[in-house]
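Enquirer: Structure supplied as model-v1.pdb; contents: PDB, C-alpha atoms.
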```
ATOM      1  CA  MET A   1      87.507 -29.188  21.553
ATOM      2  CA  VAL A   2      88.071 -26.515  24.229
ATOM      3  CA  LEU A   3      87.103 -27.745  27.713
ATOM      4  CA  ALA A   4      88.080 -24.748  29.850
ATOM      5  CA  LEU A   5      89.373 -21.209  29.641
ATOM      6  CA  LEU A   6      90.985 -20.030  32.879
ATOM      7  CA  LEU A   7      92.769 -16.743  33.531
ATOM      8  CA  LEU A   8      95.801 -16.855  35.826
ATOM      9  CA  THR A   9      97.298 -13.943  37.718
ATOM     10  CA  GLY A  10     100.507 -14.774  39.582
ATOM     11  CA  PHE A  11      99.304 -18.249  40.555
ATOM     12  CA  GLY A  12     101.304 -20.923  42.401
ATOM     13  CA  GLU A  13     104.981 -21.292  43.189
ATOM     14  CA  SER A  14     105.580 -24.242  40.834
ATOM     15  CA  ARG A  15     104.564 -22.214  37.773
ATOM     16  CA  ALA A  16     105.799 -18.927  36.356
ATOM     17  CA  GLN A  17     104.660 -15.950  38.433
ATOM     18  CA  GLU A  18     102.912 -14.162  35.606
ATOM     19  CA  SER A  19      99.497 -13.703  34.106
ATOM     20  CA  GLY A  20      98.358 -16.113  31.451
ATOM     21  CA  LEU A  21      95.536 -18.051  29.894
ATOM     22  CA  LEU A  22      95.079 -21.777  30.480
ATOM     23  CA  LEU A  23      93.452 -23.526  27.523
ATOM     24  CA  GLY A  24      92.148 -27.029  28.257
ATOM     25  CA  LEU A  25      91.913 -29.262  25.169
ATOM     26  CA  ARG A  26      90.306 -32.575  24.179
ATOM     27  CA  TYR A  27      91.276 -34.439  21.012
ATOM     28  CA  ASP A  28      91.141 -37.946  19.557
ATOM     29  CA  VAL A  29      94.073 -40.371  19.428
ATOM     30  CA  PRO A  30      94.101 -43.725  17.583
ATOM     31  CA  ILE A  31      93.741 -47.023  19.434
ATOM     32  CA  SER A  32      94.452 -50.587  18.340
ATOM     33  CA  ARG A  33      90.949 -52.007  18.549
ATOM     34  CA  ALA A  34      87.361 -50.803  18.683
ATOM     35  CA  LEU A  35      85.195 -50.842  21.791
ATOM     36  CA  PRO A  36      83.592 -54.301  22.017
ATOM     37  CA  TYR A  37      80.010 -55.481  21.748
ATOM     38  CA  TYR A  38      76.996 -53.272  21.126
ATOM     39  CA  ALA A  39      79.223 -50.246  20.890
ATOM     40  CA  GLY A  40      76.836 -48.408  18.595
ATOM     41  CA  GLY A  41      77.862 -44.838  17.871
ATOM     42  CA  ALA A  42      80.793 -45.131  20.298
ATOM     43  CA  ASP A  43      82.386 -47.879  18.185
ATOM     44  CA  SER A  44      85.568 -46.326  16.800
ATOM     45  CA  LEU A  45      89.312 -46.721  16.620
ATOM     46  CA  SER A  46      90.043 -43.623  18.661
ATOM     47  CA  ARG A  47      89.715 -42.378  22.225
ATOM     48  CA  GLU A  48      89.782 -38.976  23.869
ATOM     49  CA  ALA A  49      93.028 -37.487  25.169
ATOM     50  CA  TYR A  50      93.463 -34.270  27.128
ATOM     51  CA  GLY A  51      96.054 -31.541  27.399
ATOM     52  CA  THR A  52      96.561 -27.936  28.506
ATOM     53  CA  LEU A  53      98.218 -24.962  26.849
ATOM     54  CA  LEU A  54      99.461 -21.947  28.801
ATOM     55  CA  ILE A  55      99.475 -18.719  26.773
ATOM     56  CA  THR A  56     101.543 -15.918  28.318
ATOM     57  CA  GLU A  57     103.048 -12.593  27.364
ATOM     58  CA  GLN A  58     106.845 -12.569  27.146
ATOM     59  CA  GLY A  59     108.866  -9.600  25.970
ATOM     60  CA  GLY A  60     105.835  -7.810  24.605
ATOM     61  CA  ALA A  61     104.698 -10.803  22.514
ATOM     62  CA  PHE A  62     102.389 -13.726  23.196
ATOM     63  CA  ALA A  63     104.033 -17.101  23.777
ATOM     64  CA  ILE A  64     102.599 -20.617  24.052
ATOM     65  CA  LEU A  65     104.412 -22.786  26.565
ATOM     66  CA  PRO A  66     104.799 -26.543  25.900
ATOM     67  CA  GLU A  67     101.576 -28.497  26.248
ATOM     68  CA  ALA A  68     100.915 -30.345  29.502
ATOM     69  CA  ASP A  69      99.785 -33.949  29.153
ATOM     70  CA  HIS A  70      96.707 -33.495  31.359
ATOM     71  CA  LEU A  71      94.081 -30.878  32.091
ATOM     72  CA  LEU A  72      95.539 -28.417  34.624
ATOM     73  CA  ILE A  73      92.985 -26.817  36.941
ATOM     74  CA  PRO A  74      93.979 -24.039  39.414
ATOM     75  CA  ARG A  75      92.504 -24.612  42.874
ATOM     76  CA  GLN A  76      93.282 -22.392  45.861
ATOM     77  CA  ASN A  77      97.107 -22.286  45.952
ATOM     78  CA  ARG A  78      98.062 -25.183  43.649
ATOM     79  CA  PHE A  79      97.175 -26.946  40.426
ATOM     80  CA  TRP A  80      95.229 -30.169  40.072
ATOM     81  CA  ARG A  81      95.654 -32.591  37.173
ATOM     82  CA  VAL A  82      92.597 -34.137  35.502
ATOM     83  CA  ASP A  83      92.632 -36.946  32.947
ATOM     84  CA  ALA A  84      91.077 -40.303  32.025
ATOM     85  CA  LYS A  85      92.629 -43.779  32.012
ATOM     86  CA  ARG A  86      91.279 -46.519  29.725
ATOM     87  CA  SER A  87      91.519 -50.080  31.087
ATOM     88  CA  VAL A  88      90.852 -53.392  29.328
ATOM     89  CA  TYR A  89      89.916 -56.733  30.952
ATOM     90  CA  ASN A  90      89.219 -59.456  28.353
ATOM     91  CA  ASN A  91      86.301 -58.053  26.310
ATOM     92  CA  TRP A  92      85.366 -55.338  28.794
ATOM     93  CA  VAL A  93      86.680 -51.769  28.265
ATOM     94  CA  GLU A  94      86.212 -49.008  30.836
ATOM     95  CA  ASP A  95      87.350 -45.394  31.248
ATOM     96  CA  PHE A  96      88.212 -43.942  34.659
ATOM     97  CA  VAL A  97      88.281 -40.150  35.024
ATOM     98  CA  TRP A  98      90.646 -39.037  37.787
ATOM     99  CA  ALA A  99      91.725 -35.804  39.468
ATOM    100  CA  ALA A 100      94.653 -35.239  41.829
ATOM    101  CA  PRO A 101      96.915 -32.433  43.075
ATOM    102  CA  GLU A 102      99.820 -31.839  40.711
ATOM    103  CA  ASP A 103     102.327 -33.226  43.218
ATOM    104  CA  ALA A 104     100.292 -36.377  44.048
ATOM    105  CA  ALA A 105      99.885 -39.674  42.227
ATOM    106  CA  PRO A 106      96.397 -40.214  40.770
ATOM    107  CA  ALA A 107      94.149 -42.902  42.218
ATOM    108  CA  TYR A 108      91.371 -44.590  40.275
ATOM    109  CA  ALA A 109      89.304 -47.734  40.556
ATOM    110  CA  GLY A 110      89.986 -50.746  38.357
ATOM    111  CA  ILE A 111      87.574 -52.885  36.363
ATOM    112  CA  GLN A 112      85.441 -55.119  38.570
ATOM    113  CA  PRO A 113      86.396 -58.792  38.032
ATOM    114  CA  PHE A 114      82.782 -59.780  37.296
ATOM    115  CA  ASN A 115      82.635 -57.363  34.357
ATOM    116  CA  GLY A 116      85.928 -58.613  32.959
ATOM    117  CA  GLU A 117      85.116 -62.309  33.351
ATOM    118  CA  TYR A 118      81.413 -62.482  32.497
ATOM    119  CA  CYS A 119      80.522 -59.355  30.508
ATOM    120  CA  GLU A 120      81.346 -58.051  27.074
ATOM    121  CA  GLY A 121      80.999 -54.341  26.455
ATOM    122  CA  HIS A 122      82.258 -50.950  27.532
ATOM    123  CA  ARG A 123      81.783 -47.883  29.703
ATOM    124  CA  ALA A 124      83.338 -44.841  28.034
ATOM    125  CA  GLN A 125      83.653 -41.427  29.677
ATOM    126  CA  THR A 126      84.315 -38.056  28.034
ATOM    127  CA  ILE A 127      85.160 -34.859  29.912
ATOM    128  CA  LEU A 128      82.956 -32.072  28.533
ATOM    129  CA  TYR A 129      83.926 -29.311  30.972
ATOM    130  CA  ALA A 130      86.575 -28.911  33.692
ATOM    131  CA  GLY A 131      86.508 -26.203  36.354
ATOM    132  CA  PRO A 132      87.883 -25.602  39.864
ATOM    133  CA  ARG A 133      84.850 -27.197  41.559
ATOM    134  CA  TYR A 134      83.146 -29.517  39.077
ATOM    135  CA  LEU A 135      83.640 -31.734  36.043
ATOM    136  CA  SER A 136      80.932 -32.311  33.445
ATOM    137  CA  LEU A 137      81.072 -35.820  31.955
ATOM    138  CA  GLU A 138      79.349 -37.780  29.198
ATOM    139  CA  GLN A 139      79.051 -41.495  29.966
ATOM    140  CA  ARG A 140      78.244 -44.137  27.333
ATOM    141  CA  SER A 141      77.852 -47.808  28.097
ATOM    142  CA  ALA A 142      76.655 -50.861  26.172
ATOM    143  CA  GLY A 143      77.101 -54.592  26.591
ATOM    144  CA  TYR A 144      75.808 -57.925  27.774
ATOM    145  CA  CYS A 145      76.592 -60.146  30.786
ATOM    146  CA  GLU A 146      76.177 -63.910  30.970
ATOM    147  CA  GLY A 147      72.731 -64.791  32.306
ATOM    148  CA  GLY A 148      71.319 -61.336  31.601
ATOM    149  CA  ALA A 149      67.853 -60.944  30.111
ATOM    150  CA  HIS A 150      69.052 -58.583  27.379
ATOM    151  CA  PRO A 151      71.914 -56.244  26.446
ATOM    152  CA  TRP A 152      71.921 -52.670  27.733
ATOM    153  CA  PHE A 153      72.583 -49.249  26.263
ATOM    154  CA  PHE A 154      72.728 -45.886  27.938
ATOM    155  CA  ASN A 155      74.081 -42.423  27.258
ATOM    156  CA  THR A 156      74.032 -40.069  30.237
ATOM    157  CA  LEU A 157      75.511 -36.800  31.467
ATOM    158  CA  ALA A 158      76.869 -36.194  34.962
ATOM    159  CA  VAL A 159      78.328 -33.312  36.957
ATOM    160  CA  VAL A 160      80.721 -34.538  39.657
ATOM    161  CA  PRO A 161      82.881 -32.774  42.261
ATOM    162  CA  LEU A 162      86.465 -32.347  41.099
ATOM    163  CA  ASP A 163      87.737 -34.087  44.243
ATOM    164  CA  SER A 164      85.282 -37.012  43.932
ATOM    165  CA  THR A 165      85.372 -38.227  40.336
ATOM    166  CA  THR A 166      83.744 -41.586  41.195
ATOM    167  CA  HIS A 167      80.580 -39.735  42.260
ATOM    168  CA  THR A 168      77.544 -40.939  40.302
ATOM    169  CA  GLY A 169      76.460 -37.365  39.600
ATOM    170  CA  LEU A 170      75.104 -34.349  41.469
ATOM    171  CA  SER A 171      71.518 -33.305  40.887
ATOM    172  CA  ILE A 172      70.999 -30.088  38.989
ATOM    173  CA  ALA A 173      69.308 -28.628  42.082
ATOM    174  CA  GLU A 174      72.393 -29.302  44.244
ATOM    175  CA  VAL A 175      74.574 -27.213  41.934
ATOM    176  CA  LEU A 176      72.240 -24.632  40.361
ATOM    177  CA  GLY A 177      69.250 -24.580  42.732
ATOM    178  CA  GLU A 178      65.655 -25.791  42.687
ATOM    179  CA  ALA A 179      64.702 -23.298  39.980
ATOM    180  CA  ALA A 180      67.093 -25.082  37.608
ATOM    181  CA  TYR A 181      65.343 -28.419  38.203
ATOM    182  CA  ARG A 182      61.970 -26.794  37.517
ATOM    183  CA  THR A 183      63.400 -25.422  34.266
ATOM    184  CA  PHE A 184      64.595 -28.940  33.384
ATOM    185  CA  GLY A 185      61.111 -30.316  34.033
ATOM    186  CA  GLN A 186      59.480 -27.633  31.905
ATOM    187  CA  ALA A 187      61.904 -28.355  29.051
ATOM    188  CA  VAL A 188      61.045 -32.077  29.201
ATOM    189  CA  GLU A 189      57.319 -31.309  29.209
ATOM    190  CA  THR A 190      57.692 -29.076  26.154
ATOM    191  CA  PHE A 191      59.759 -31.740  24.379
ATOM    192  CA  LEU A 192      57.220 -34.498  25.067
ATOM    193  CA  ASP A 193      54.303 -32.309  23.974
ATOM    194  CA  GLY A 194      56.078 -31.816  20.641
ATOM    195  CA  LEU A 195      56.353 -35.534  19.849
ATOM    196  CA  PRO A 196      53.962 -36.743  17.123
ATOM    197  CA  ASP A 197      52.099 -39.494  18.997
ATOM    198  CA  ALA A 198      51.554 -41.260  22.314
ATOM    199  CA  ARG A 199      53.758 -44.179  21.310
ATOM    200  CA  ARG A 200      56.786 -41.947  20.897
ATOM    201  CA  ARG A 201      56.037 -40.168  24.174
ATOM    202  CA  SER A 202      55.863 -43.531  25.969
ATOM    203  CA  PHE A 203      59.578 -44.068  25.273
ATOM    204  CA  TYR A 204      60.444 -41.328  27.792
ATOM    205  CA  PHE A 205      59.782 -40.743  31.482
ATOM    206  CA  ASP A 206      57.522 -37.812  32.328
ATOM    207  CA  GLU A 207      59.960 -36.540  34.967
ATOM    208  CA  PRO A 208      63.630 -35.894  34.152
ATOM    209  CA  ASP A 209      66.460 -37.610  35.978
ATOM    210  CA  PRO A 210      67.762 -34.696  38.093
ATOM    211  CA  ALA A 211      71.367 -35.980  37.766
ATOM    212  CA  ASN A 212      71.275 -36.402  33.943
ATOM    213  CA  TRP A 213      72.559 -32.951  33.038
ATOM    214  CA  GLY A 214      75.824 -31.178  32.346
ATOM    215  CA  LEU A 215      77.696 -28.182  30.998
ATOM    216  CA  ALA A 216      78.791 -28.618  27.390
ATOM    217  CA  ARG A 217      80.174 -26.582  24.503
ATOM    218  CA  ARG A 218      77.461 -26.341  21.839
ATOM    219  CA  GLU A 219      77.475 -24.095  18.760
ATOM    220  CA  GLY A 220      80.355 -22.029  20.124
ATOM    221  CA  ARG A 221      78.739 -21.409  23.523
ATOM    222  CA  TRP A 222      78.805 -22.997  26.953
ATOM    223  CA  ARG A 223      75.306 -24.315  27.625
ATOM    224  CA  VAL A 224      73.568 -26.045  30.512
ATOM    225  CA  VAL A 225      72.082 -29.197  28.968
ATOM    226  CA  GLY A 226      69.532 -31.668  30.316
ATOM    227  CA  ARG A 227      69.491 -35.132  28.750
ATOM    228  CA  VAL A 228      66.338 -37.181  28.194
ATOM    229  CA  GLU A 229      67.206 -40.789  27.420
ATOM    230  CA  ASN A 230      65.051 -42.997  25.222
ATOM    231  CA  ALA A 231      64.020 -45.882  27.481
ATOM    232  CA  GLU A 232      63.064 -48.193  24.602
ATOM    233  CA  ALA A 233      65.876 -50.799  24.439
ATOM    234  CA  ALA A 234      65.182 -51.479  20.760
ATOM    235  CA  GLU A 235      66.138 -47.891  19.985
ATOM    236  CA  GLY A 236      69.772 -48.632  20.891
ATOM    237  CA  GLY A 237      70.447 -46.014  23.532
ATOM    238  CA  LEU A 238      69.060 -42.970  21.746
ATOM    239  CA  TYR A 239      68.690 -39.727  23.669
ATOM    240  CA  THR A 240      67.756 -36.072  23.252
ATOM    241  CA  ASP A 241      69.647 -33.130  24.764
ATOM    242  CA  LEU A 242      67.591 -30.111  25.813
ATOM    243  CA  PRO A 243      69.320 -26.725  26.233
ATOM    244  CA  LEU A 244      68.116 -25.161  29.489
ATOM    245  CA  VAL A 245      67.490 -21.391  29.454
ATOM    246  CA  PHE A 246      66.878 -19.750  32.809
ATOM    247  CA  ASP A 247      64.375 -16.980  32.237
ATOM    248  CA  VAL A 248      63.763 -14.116  34.630
ATOM    249  CA  PRO A 249      60.063 -14.454  35.633
ATOM    250  CA  ALA A 250      57.833 -11.520  34.816
ATOM    251  CA  ASN A 251      56.982 -10.962  38.516
ATOM    252  CA  ALA A 252      60.556 -11.222  39.874
ATOM    253  CA  SER A 253      61.729  -8.329  42.047
ATOM    254  CA  SER A 254      65.451  -9.164  41.929
ATOM    255  CA  VAL A 255      67.863 -11.742  40.501
ATOM    256  CA  THR A 256      71.353 -12.478  41.894
ATOM    257  CA  PHE A 257      74.292 -13.859  39.891
ATOM    258  CA  GLN A 258      77.368 -15.228  41.671
ATOM    259  CA  THR A 259      80.788 -16.632  40.746
ATOM    260  CA  GLN A 260      83.090 -18.700  42.952
ATOM    261  CA  GLY A 261      86.582 -20.016  42.342
ATOM    262  CA  THR A 262      90.167 -18.788  42.212
ATOM    263  CA  GLY A 263      92.046 -16.028  40.414
ATOM    264  CA  SER A 264      90.409 -12.774  39.346
ATOM    265  CA  VAL A 265      86.958 -12.587  37.781
ATOM    266  CA  SER A 266      85.157  -9.705  36.146
ATOM    267  CA  LEU A 267      81.434 -10.525  36.148
ATOM    268  CA  TYR A 268      78.776  -8.686  34.204
ATOM    269  CA  ALA A 269      75.075  -9.187  33.566
ATOM    270  CA  ALA A 270      72.992  -7.916  30.673
ATOM    271  CA  HIS A 271      69.584  -8.594  29.153
ATOM    272  CA  VAL A 272      69.700 -10.495  25.841
ATOM    273  CA  PRO A 273      66.562 -10.392  23.643
ATOM    274  CA  ASN A 274      65.191 -13.719  22.403
ATOM    275  CA  PRO A 275      67.545 -15.941  24.461
ATOM    276  CA  THR A 276      66.034 -19.218  23.185
ATOM    277  CA  GLY A 277      66.671 -18.613  19.487
ATOM    278  CA  PRO A 278      66.481 -19.661  16.775
ATOM    279  CA  VAL A 279      68.976 -16.770  16.476
ATOM    280  CA  ILE A 280      70.419 -15.603  19.809
ATOM    281  CA  ALA A 281      71.460 -11.973  19.861
ATOM    282  CA  PRO A 282      75.084 -11.370  20.915
ATOM    283  CA  ALA A 283      75.633 -10.097  24.438
ATOM    284  CA  PRO A 284      76.068  -6.312  24.621
ATOM    285  CA  ALA A 285      79.505  -4.856  25.299
ATOM    286  CA  ARG A 286      80.593  -4.553  28.907
ATOM    287  CA  GLY A 287      80.342  -0.769  28.867
ATOM    288  CA  ALA A 288      76.993  -0.570  27.062
ATOM    289  CA  ALA A 289      73.908   1.022  28.608
ATOM    290  CA  GLY A 290      72.069  -1.301  30.987
ATOM    291  CA  VAL A 291      75.040  -3.584  31.615
ATOM    292  CA  ILE A 292      75.904  -4.114  35.278
ATOM    293  CA  SER A 293      79.472  -5.102  36.186
ATOM    294  CA  ALA A 294      81.327  -6.382  39.251
ATOM    295  CA  THR A 295      85.107  -6.494  39.180
ATOM    296  CA  GLY A 296      87.398  -7.336  42.077
ATOM    297  CA  ALA A 297      90.648  -8.941  43.091
ATOM    298  CA  GLY A 298      89.073 -12.340  43.752
ATOM    299  CA  ALA A 299      86.830 -14.803  41.945
ATOM    300  CA  ASN A 300      83.887 -14.539  44.372
ATOM    301  CA  GLN A 301      81.749 -11.856  42.779
ATOM    302  CA  THR A 302      78.028 -11.049  43.120
ATOM    303  CA  ILE A 303      75.657  -8.990  41.006
ATOM    304  CA  THR A 304      72.054  -8.302  42.036
ATOM    305  CA  VAL A 305      69.789  -6.966  39.292
ATOM    306  CA  ASN A 306      66.590  -5.183  40.266
ATOM    307  CA  GLY A 307      64.457  -2.149  39.519
ATOM    308  CA  ALA A 308      64.453  -0.733  35.994
ATOM    309  CA  ASN A 309      67.341  -2.990  34.917
ATOM    310  CA  LEU A 310      65.350  -6.184  35.572
ATOM    311  CA  LYS A 311      63.525  -7.365  32.470
ATOM    312  CA  PRO A 312      61.873 -10.719  31.789
ATOM    313  CA  GLY A 313      63.887 -12.911  29.453
TER
END
```
Produce structure tokens that represent the structure in this file.
Expert:
Amino acid sequence: MVLALLLLTGFGESRAQESGLLLGLRYDVPISRALPYYAGGADSLSREAYGTLLITEQGGAFAILPEADHLLIPRQNRFWRVDAKRSVYNNWVEDFVWAAPEDAAPAYAGIQPFNGEYCEGHRAQTILYAGPRYLSLEQRSAGYCEGGAHPWFFNTLAVVPLDSTTHTGLSIAEVLGEAAYRTFGQAVETFLDGLPDARRRSFYFDEPDPANWGLARREGRWRVVGRVENAEAAEGGLYTDLPLVFDVPANASSVTFQTQGTGSVSLYAAHVPNPTGPVIAPAPARGAAGVISATGAGANQTITVNGANLKPG
């Protein structure tokens, strides 16, 4: 699974001073025992591992340099490493996602003694997306603690700052703005209205958790996804992911798109008919009529669309 595609142009002194493409990867590796107790769909004999390929041009031909053992993320004037460590304490298993500058040792929390001594279960984390500012994570947990009323299950998404991987998750409004949270709420309302009866609707909250969202690769595209978890414990931690499409309102006078980061970015905006499917039309070519572009030496680019170029959709 591809987690990130990053273009480099003469970046950093510790790496080759040449242009290239960083390809962040996630794949499964075998482990000796399954996740314990109420593992559900996460019960397996594998865990996620991460690596990075650097594709460059050498002597007129493309070359793939040896794979790095972690995700490598360019930030300002140096790389950061991102990875996950799996720890085991008796019958409790927990993943810890960490991020650190390439020349610094990673720091991550350990399993709390209470969980290791009195609980049986797991908390697994998967990196869905890695970028210079944020990570998108999927978090799955199930288990039971001595004296508890019942076991628990949950499957959630979270977007956390790259330099604060223990963060519980930023709200969608903090990262994408209040309009994104309204879109999330509208998607939940539409989903609930489509359920067959009141009993099924009662399994879900009417308002979405503003921090239960992420960026994920789905059907060959990066998509903003809001997760609605089934609150009925008997359902075993079921959930529904809702793709969030940000429409241009019919009465909008202008819409602004921005990018921030490092390296060089070429941003373009174009209207795509029928963006919600079931078949999404491919984006028009960069030089096609009606396409607006912004290209510069840095990654901080802005496009404002207005007038005849602004269409609902």
Enquirer: Could you tell me which residues the PyMOL selection byres ((chain A and resi 149-162) around 9) returns for this structure, as a VMD selection string?
Expert: chain A and resid 38 to 40 82 98 to 100 130 to 148 163 to 172 175 211 to 215 225 to 231 233 236 to 239
Enquirer: Of the residues A:Asp69, A:Asp103, A:Asp197, A:Glu120, which is the one nearest to Asn90 of chain A, using all atoms listed in the file?
Expert: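 Nearest to Asn90 of chain A: A:Glu120.
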Enquirer: Using all atoms listed in the file, which residue out of A:Ala179, A:Ala173, A:Val93, A:Leu25 lies closest to Gln125 of chain A?
Expert: A:Val93
Enquirer: Given only C-alpha atoms as the basis, pick out the residue of A:Arg218, A:Gly20, A:Ser46, A:Tyr181 nearest to Gln58 of chain A.
Expert: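 Under the stated criterion, the closest residue is A:Gly20.
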Enquirer: What is the distance between atom CA of Ala187 of chain A and atom CA of Arg199 of chain A, in Å to one decimal?
Expert: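 That distance, rounded to one decimal, is 19.4 Å.
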Enquirer: Using atom CA of Ala124 of chain A and atom CA of Ala216 of chain A as the two end points, give the distance in Å to one decimal.
Expert: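 Going from atom CA of Ala124 of chain A over to atom CA of Ala216 of chain A, I get 16.9 Å.
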Enquirer: Identify which of the residues A:Ala198, A:Leu72, A:Ala84, A:Leu128 lies closest to Pro101 of chain A, counting all atoms listed in the file when measuring atom-to-atom distances.
Expert: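 Ranked by minimum distance to Pro101 of chain A, first place goes to A:Leu72.
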Enquirer: Within 7 Å of Tyr50 of chain A, counting all atoms listed in the file, which residues show up once you throw out same-chain ones fewer than 5 positions away? Write them as number ranges by chain, please.
Expert: A: 25-27, 69-71, 83
Enquirer: Which distance in Å separates atom CA of Leu192 of chain A and atom CA of Gly220 of chain A, to one decimal?
Expert: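 Spanning atom CA of Leu192 of chain A to atom CA of Gly220 of chain A is a straight-line distance of 26.7 Å.
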Enquirer: Restricting the calculation to all atoms listed in the file: of A:Thr126, A:Ala107, A:Gly59, A:Asn115, which residue gets closest to Asp28 of chain A?
Expert: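 Looking only at the distances to Asp28 of chain A, the closest residue turns out to be A:Thr126.
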Enquirer: Using all atoms listed in the file, which of the listed residues (A:Ser87, A:Ile64, A:Val188, A:Leu54) sits closest to Arg201 of chain A?
Expert: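 Going through A:Ser87, A:Ile64, A:Val188, A:Leu54 one by one, the smallest distance to Arg201 of chain A is for A:Val188.
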